[in-house]
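Shown below: target_32.txt, with compact mmCIF, C-alpha atoms and all ligand atoms.
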```txt
# COMPACT_ATOMS: atom_id res chain seq x y z
CA MET A 11 -55.75 -30.82 79.70
CA THR A 12 -52.88 -28.53 78.68
CA ASN A 13 -52.27 -25.15 80.28
CA ALA A 14 -53.43 -23.53 77.02
CA GLU A 15 -56.68 -25.50 77.15
CA LEU A 16 -57.24 -24.50 80.77
CA ILE A 17 -56.79 -20.86 79.75
CA ILE A 18 -59.48 -21.38 77.09
CA GLU A 19 -61.79 -22.66 79.86
CA ALA A 20 -61.02 -19.52 81.90
CA LYS A 21 -61.88 -17.37 78.87
CA LYS A 22 -65.24 -19.16 78.59
CA ALA A 23 -65.90 -18.45 82.27
CA ARG A 24 -65.03 -14.80 81.70
CA GLU A 25 -67.96 -14.44 79.30
CA PHE A 26 -70.28 -14.66 82.33
CA ALA A 27 -68.52 -11.97 84.38
CA TYR A 28 -70.91 -9.61 86.15
CA ALA A 29 -68.86 -6.42 86.44
CA PRO A 30 -71.05 -3.35 85.81
CA TYR A 31 -68.99 -1.23 88.24
CA SER A 32 -65.35 -1.93 87.36
CA HIS A 33 -66.02 -3.13 83.80
CA PHE A 34 -63.14 -5.56 84.39
CA TRP A 35 -64.11 -9.07 83.36
CA VAL A 36 -62.30 -12.01 84.93
CA GLY A 37 -62.60 -15.75 84.37
CA ALA A 38 -60.95 -18.65 86.14
CA ALA A 39 -60.76 -22.38 85.51
CA LEU A 40 -59.80 -24.55 88.47
CA GLU A 41 -58.64 -28.12 87.87
CA THR A 42 -58.95 -30.80 90.54
CA LYS A 43 -56.26 -33.42 90.94
CA ASP A 44 -58.56 -35.91 89.22
CA GLY A 45 -59.06 -33.63 86.22
CA LYS A 46 -62.42 -32.03 86.92
CA ILE A 47 -62.80 -28.37 85.86
CA TYR A 48 -64.70 -25.73 87.81
CA ARG A 49 -65.17 -22.39 86.10
CA GLY A 50 -65.76 -19.08 87.87
CA CYS A 51 -66.29 -15.41 87.01
CA ASN A 52 -66.25 -12.25 89.08
CA VAL A 53 -69.61 -11.22 90.51
CA GLU A 54 -69.80 -7.57 91.58
CA ASN A 55 -72.28 -5.76 93.78
CA SER A 56 -73.41 -2.13 94.10
CA ALA A 57 -72.20 -2.21 97.71
CA PHE A 58 -68.74 -3.18 96.35
CA GLY A 59 -67.76 -5.21 99.45
CA PRO A 60 -69.79 -8.31 98.52
CA THR A 61 -67.93 -8.60 95.19
CA ASN A 62 -66.54 -12.07 94.60
CA CYS A 63 -63.49 -12.62 92.42
CA ALA A 64 -63.51 -15.21 89.63
CA GLU A 65 -60.97 -17.37 91.45
CA ARG A 66 -63.00 -17.59 94.65
CA THR A 67 -66.16 -18.29 92.68
CA ALA A 68 -64.42 -21.32 91.14
CA PHE A 69 -63.03 -22.48 94.49
CA PHE A 70 -66.32 -22.12 96.33
CA LYS A 71 -68.19 -23.95 93.58
CA ALA A 72 -65.73 -26.84 93.82
CA ILE A 73 -65.64 -27.03 97.61
CA SER A 74 -69.42 -26.88 97.85
CA GLU A 75 -69.58 -29.84 95.46
CA GLY A 76 -67.24 -31.91 97.63
CA ASP A 77 -63.92 -31.39 95.82
CA ARG A 78 -60.92 -30.31 97.91
CA GLU A 79 -57.91 -31.57 95.99
CA PHE A 80 -56.67 -29.05 93.45
CA ALA A 81 -53.87 -29.09 90.89
CA ARG A 82 -53.98 -25.81 88.94
CA ILE A 83 -55.97 -22.66 88.22
CA ALA A 84 -55.92 -20.56 85.04
CA ILE A 85 -56.94 -16.90 85.26
CA VAL A 86 -57.75 -14.35 82.55
CA GLY A 87 -58.87 -10.79 83.07
CA GLY A 88 -59.27 -7.62 81.04
CA MET A 89 -61.56 -4.73 80.37
CA GLU A 90 -65.14 -5.47 79.30
CA GLY A 91 -65.49 -6.23 75.61
CA THR A 92 -61.74 -6.64 75.03
CA GLU A 93 -59.51 -9.67 74.77
CA ALA A 94 -57.83 -10.59 78.05
CA ASP A 95 -54.43 -9.78 76.59
CA LYS A 96 -52.36 -8.97 79.68
CA PRO A 97 -51.61 -11.19 82.69
CA CYS A 98 -54.15 -10.83 85.50
CA ALA A 99 -52.74 -11.94 88.84
CA PRO A 100 -54.99 -13.06 91.71
CA CYS A 101 -55.65 -10.66 94.59
CA GLY A 102 -54.35 -11.32 98.09
CA VAL A 103 -57.71 -12.57 99.36
CA CYS A 104 -57.89 -15.18 96.60
CA ARG A 105 -54.29 -16.26 97.28
CA GLN A 106 -55.24 -16.79 100.92
CA VAL A 107 -58.25 -18.91 99.90
CA MET A 108 -55.95 -20.97 97.65
CA ASN A 109 -53.63 -21.41 100.63
CA GLU A 110 -56.44 -22.94 102.65
CA PHE A 111 -56.88 -25.82 100.23
CA CYS A 112 -53.76 -26.16 98.08
CA ASP A 113 -50.21 -27.38 98.49
CA PRO A 114 -48.10 -24.22 98.13
CA ASP A 115 -45.21 -26.12 96.54
CA THR A 116 -47.21 -27.87 93.81
CA PHE A 117 -50.40 -25.87 93.15
CA GLU A 118 -49.91 -23.91 89.92
CA ILE A 119 -51.34 -20.51 89.04
CA ILE A 120 -51.44 -20.01 85.28
CA LEU A 121 -51.85 -16.56 83.75
CA ALA A 122 -52.31 -15.91 80.04
CA ASP A 123 -49.29 -13.86 78.99
CA GLY A 124 -51.07 -11.93 76.23
CA HIS A 125 -49.12 -13.61 73.41
CA GLY A 126 -50.81 -17.02 73.37
CA GLY A 127 -48.52 -18.36 76.06
CA GLU A 128 -48.71 -18.59 79.79
CA LEU A 129 -46.91 -17.49 82.94
CA VAL A 130 -46.84 -20.20 85.59
CA PHE A 131 -46.26 -19.64 89.30
CA THR A 132 -46.52 -21.94 92.28
CA LEU A 133 -48.76 -20.76 95.09
CA LYS A 134 -45.66 -20.44 97.28
CA GLU A 135 -44.14 -18.00 94.79
CA MET A 136 -47.30 -15.88 94.85
CA LEU A 137 -47.91 -16.13 98.60
CA PRO A 138 -44.71 -16.63 100.56
CA SER A 139 -44.41 -16.73 104.36
CA VAL A 140 -47.97 -17.76 105.11
CA VAL A 141 -49.54 -19.20 108.22
CA GLY A 142 -52.77 -21.09 107.81
CA GLY A 143 -54.42 -23.76 105.73
CA ILE A 144 -52.54 -26.96 105.13
CA GLN A 145 -49.25 -25.41 106.26
CA PHE A 146 -50.71 -24.69 109.66
CA GLN A 147 -52.03 -28.23 109.91
CA ALA A 148 -48.65 -29.65 108.91
CA GLU A 149 -46.86 -27.64 111.60
CA ALA A 150 -49.40 -28.23 114.39
N1 LIG B 201 -60.98 -9.52 90.04
C1 LIG B 201 -61.05 -10.88 89.92
O1 LIG B 201 -62.14 -11.45 89.80
N2 LIG B 201 -59.90 -11.59 89.95
C2 LIG B 201 -58.66 -11.03 89.92
O2 LIG B 201 -57.66 -11.76 89.86
C3 LIG B 201 -58.51 -9.58 89.94
C4 LIG B 201 -59.74 -8.83 90.27
C5 LIG B 201 -62.22 -8.74 89.91
C6 LIG B 201 -62.72 -8.09 91.15
C7 LIG B 201 -63.53 -6.95 90.56
O3 LIG B 201 -64.81 -7.44 90.18
C8 LIG B 201 -62.79 -6.58 89.29
O4 LIG B 201 -62.00 -7.72 88.97
C9 LIG B 201 -61.90 -5.35 89.41
O5 LIG B 201 -60.99 -5.49 90.43
```

Could you quickly redo this structure as structure tokens?
Amino acid sequence: MTNAELIIEAKKAREFAYAPYSHFWVGAALETKDGKIYRGCNVENSAFGPTNCAERTAFFKAISEGDREFARIAIVGGMEGTEADKPCAPCGVCRQVMNEFCDPDTFEIILADGHGGELVFTLKEMLPSVVGGIQFQAEA
């Protein structure tokens, strides 16, 4: 699957966003190393704190189905009822969850750039200087 196709999967996931409080709809498409796709959307809550981001929804779906080897994630976000036409970068909590399961040097985070293209970052670029996850295991 190309990056552009993975972004299309993220846009499909975004259609299911439950965001009656922020009105900001986010979709993510997570690809395993063997090419399986897990989609996720944000799921908000009136108590705010229980809100789950699209990225973590996708990760937790995958992990709870037995997949732990991930290659890439595409993310799209934008206001309810509009095209996701600006890059939407993952929050710090989601970056930390990615760090738990992904190789920081090779895992790619793909953001739609708003012009039909994509911005691509490694996890290490988005979350430098971490302790935890596979880095912690490697250093132990
Ligand atoms: N959100 C995500 O799902 N992923 C992101 O990358 C950014 C933020 C959600 C959380 C909340 O439901 C809404 O977007 C506004 O922050």

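Residue nearest ligand LIG 201 (chain B) within the list A:Ala122, A:Ala20, A:Ala94, A:Ala99: A:Ala99 [criterion: smallest interatomic distance, only C-alpha atoms and all ligand atoms].
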
Sort by chain and increasing residue number a table of all residues of chain A within 8 Å of ligand LIG 201 (chain B), each with its closest pair of atoms and their distance in Å to one decimal, counting all atoms listed in the file, and write it as JSON lines.
```
{"residue": "A:Tyr28", "atom": "CA", "partner": "B:LIG201", "partner_atom": "O3", "distance": 7.6}
{"residue": "A:Ala29", "atom": "CA", "partner": "B:LIG201", "partner_atom": "O3", "distance": 5.6}
{"residue": "A:Tyr31", "atom": "CA", "partner": "B:LIG201", "partner_atom": "O3", "distance": 7.7}
{"residue": "A:Ser32", "atom": "CA", "partner": "B:LIG201", "partner_atom": "C9", "distance": 5.3}
{"residue": "A:His33", "atom": "CA", "partner": "B:LIG201", "partner_atom": "C8", "distance": 7.2}
{"residue": "A:Phe34", "atom": "CA", "partner": "B:LIG201", "partner_atom": "C8", "distance": 5.0}
{"residue": "A:Trp35", "atom": "CA", "partner": "B:LIG201", "partner_atom": "O4", "distance": 6.1}
{"residue": "A:Val36", "atom": "CA", "partner": "B:LIG201", "partner_atom": "O1", "distance": 4.9}
{"residue": "A:Gly37", "atom": "CA", "partner": "B:LIG201", "partner_atom": "O1", "distance": 6.9}
{"residue": "A:Cys51", "atom": "CA", "partner": "B:LIG201", "partner_atom": "O1", "distance": 6.4}
{"residue": "A:Asn52", "atom": "CA", "partner": "B:LIG201", "partner_atom": "O1", "distance": 4.2}
{"residue": "A:Val53", "atom": "CA", "partner": "B:LIG201", "partner_atom": "O3", "distance": 6.1}
{"residue": "A:Glu54", "atom": "CA", "partner": "B:LIG201", "partner_atom": "O3", "distance": 5.2}
{"residue": "A:Thr61", "atom": "CA", "partner": "B:LIG201", "partner_atom": "O3", "distance": 6.0}
{"residue": "A:Asn62", "atom": "CA", "partner": "B:LIG201", "partner_atom": "C6", "distance": 6.5}
{"residue": "A:Cys63", "atom": "CA", "partner": "B:LIG201", "partner_atom": "O1", "distance": 3.2}
{"residue": "A:Ala64", "atom": "CA", "partner": "B:LIG201", "partner_atom": "O1", "distance": 4.0}
{"residue": "A:Glu65", "atom": "CA", "partner": "B:LIG201", "partner_atom": "N2", "distance": 6.1}
{"residue": "A:Arg66", "atom": "CA", "partner": "B:LIG201", "partner_atom": "O1", "distance": 7.9}
{"residue": "A:Ile85", "atom": "CA", "partner": "B:LIG201", "partner_atom": "O2", "distance": 6.9}
{"residue": "A:Val86", "atom": "CA", "partner": "B:LIG201", "partner_atom": "O2", "distance": 7.8}
{"residue": "A:Gly87", "atom": "CA", "partner": "B:LIG201", "partner_atom": "C2", "distance": 6.9}
{"residue": "A:Cys98", "atom": "CA", "partner": "B:LIG201", "partner_atom": "O2", "distance": 5.7}
{"residue": "A:Ala99", "atom": "CA", "partner": "B:LIG201", "partner_atom": "O2", "distance": 5.0}
{"residue": "A:Pro100", "atom": "CA", "partner": "B:LIG201", "partner_atom": "O2", "distance": 3.5}
{"residue": "A:Cys101", "atom": "CA", "partner": "B:LIG201", "partner_atom": "O2", "distance": 5.3}
{"residue": "A:Cys104", "atom": "CA", "partner": "B:LIG201", "partner_atom": "O2", "distance": 7.6}
```

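Residue nearest A:Phe26 within the list A:Asp113, A:Thr42, A:Arg49, A:Ala72: A:Arg49 [criterion: smallest interatomic distance, all atoms listed in the file].
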
message = Report, in Å with one decimal, the straight-line distance from atom CA of A:Gly127 to atom CA of A:Glu110.
response = 28.1 Å

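If you look at atom CA of A:Gln106 and atom CA of A:Val140, they are 8.4 Å away from each other.
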
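All residues that come within 7 Å of the coordinates (-56.5, -29.1, 85.9), counting all atoms listed in the file, are given as Met11, Leu16, Leu40, Glu41, Thr42, Lys43, Gly45, Lys46, Ile47, Ala81, Arg82 and Ile83 of chain A.
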
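Here atom CA of A:Asn109 stands at a distance of 23.1 Å from atom CA of A:Arg24.
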
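Nearest-residue note for A:Glu90: choosing from A:Ala27, A:Ala14, A:Leu133, A:Ile119, the minimum distance belongs to A:Ala27, counting all atoms listed in the file.
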
request  = In the coordinates of the file, take the point (-45.7, -17.0, 91.5) and a cut-off of 10 Å; then, counting all atoms listed in the file, name each qualifying protein, DNA or RNA residue as a list in words.
outcome  = Ala99, Glu118, Ile119, Ile120, Leu121, Leu129, Val130, Phe131, Thr132, Leu133, Lys134, Glu135, Met136, Leu137 and Pro138 of chain A

Please produce stretch 47-62 of chain A, completed to N, CA, C and O atoms, as a short mmCIF file (atom, residue, chain, number, x, y, z; two decimals), in the coordinates of the input.
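File result14.cif, as written:
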```
data_model
loop_
_atom_site.label_atom_id
_atom_site.label_comp_id
_atom_site.auth_asym_id
_atom_site.auth_seq_id
_atom_site.Cartn_x
_atom_site.Cartn_y
_atom_site.Cartn_z
N ILE A 47 -62.98 -29.82 86.03
CA ILE A 47 -62.80 -28.37 85.86
C ILE A 47 -63.98 -27.63 86.47
O ILE A 47 -65.15 -27.94 86.17
N TYR A 48 -63.68 -26.65 87.31
CA TYR A 48 -64.70 -25.73 87.81
C TYR A 48 -64.38 -24.35 87.28
O TYR A 48 -63.28 -23.84 87.47
N ARG A 49 -65.36 -23.74 86.62
CA ARG A 49 -65.17 -22.39 86.10
C ARG A 49 -65.75 -21.37 87.08
O ARG A 49 -66.70 -21.67 87.80
N GLY A 50 -65.20 -20.16 87.05
CA GLY A 50 -65.76 -19.08 87.87
C GLY A 50 -65.54 -17.73 87.21
O GLY A 50 -64.59 -17.55 86.44
N CYS A 51 -66.45 -16.79 87.48
CA CYS A 51 -66.29 -15.41 87.01
C CYS A 51 -66.42 -14.47 88.20
O CYS A 51 -66.87 -14.89 89.28
N ASN A 52 -66.03 -13.22 88.00
CA ASN A 52 -66.25 -12.25 89.08
C ASN A 52 -67.72 -11.83 89.09
O ASN A 52 -68.38 -11.75 88.04
N VAL A 53 -68.21 -11.60 90.30
CA VAL A 53 -69.61 -11.22 90.51
C VAL A 53 -69.60 -9.99 91.41
O VAL A 53 -69.31 -10.10 92.61
N GLU A 54 -69.88 -8.83 90.82
CA GLU A 54 -69.80 -7.57 91.58
C GLU A 54 -71.14 -7.23 92.23
O GLU A 54 -72.16 -7.91 92.00
N ASN A 55 -71.10 -6.18 93.04
CA ASN A 55 -72.28 -5.76 93.78
C ASN A 55 -72.22 -4.25 93.97
O ASN A 55 -71.12 -3.70 94.15
N SER A 56 -73.39 -3.59 93.97
CA SER A 56 -73.41 -2.13 94.10
C SER A 56 -72.85 -1.67 95.44
O SER A 56 -72.41 -0.53 95.57
N ALA A 57 -72.82 -2.55 96.43
CA ALA A 57 -72.20 -2.21 97.71
C ALA A 57 -70.70 -2.51 97.71
O ALA A 57 -70.04 -2.37 98.74
N PHE A 58 -70.17 -2.91 96.57
CA PHE A 58 -68.74 -3.18 96.35
C PHE A 58 -68.18 -4.31 97.21
O PHE A 58 -67.56 -5.23 96.71
N GLY A 59 -68.36 -4.22 98.54
CA GLY A 59 -67.76 -5.21 99.45
C GLY A 59 -68.14 -6.64 99.14
O GLY A 59 -67.29 -7.54 99.24
N PRO A 60 -69.40 -6.92 98.79
CA PRO A 60 -69.79 -8.31 98.52
C PRO A 60 -69.21 -8.89 97.22
O PRO A 60 -69.43 -10.06 96.93
N THR A 61 -68.49 -8.10 96.45
CA THR A 61 -67.93 -8.60 95.19
C THR A 61 -67.10 -9.86 95.40
O THR A 61 -66.31 -9.95 96.34
N ASN A 62 -67.32 -10.83 94.53
CA ASN A 62 -66.54 -12.07 94.60
C ASN A 62 -65.68 -12.19 93.35
O ASN A 62 -66.18 -12.05 92.23
#
```
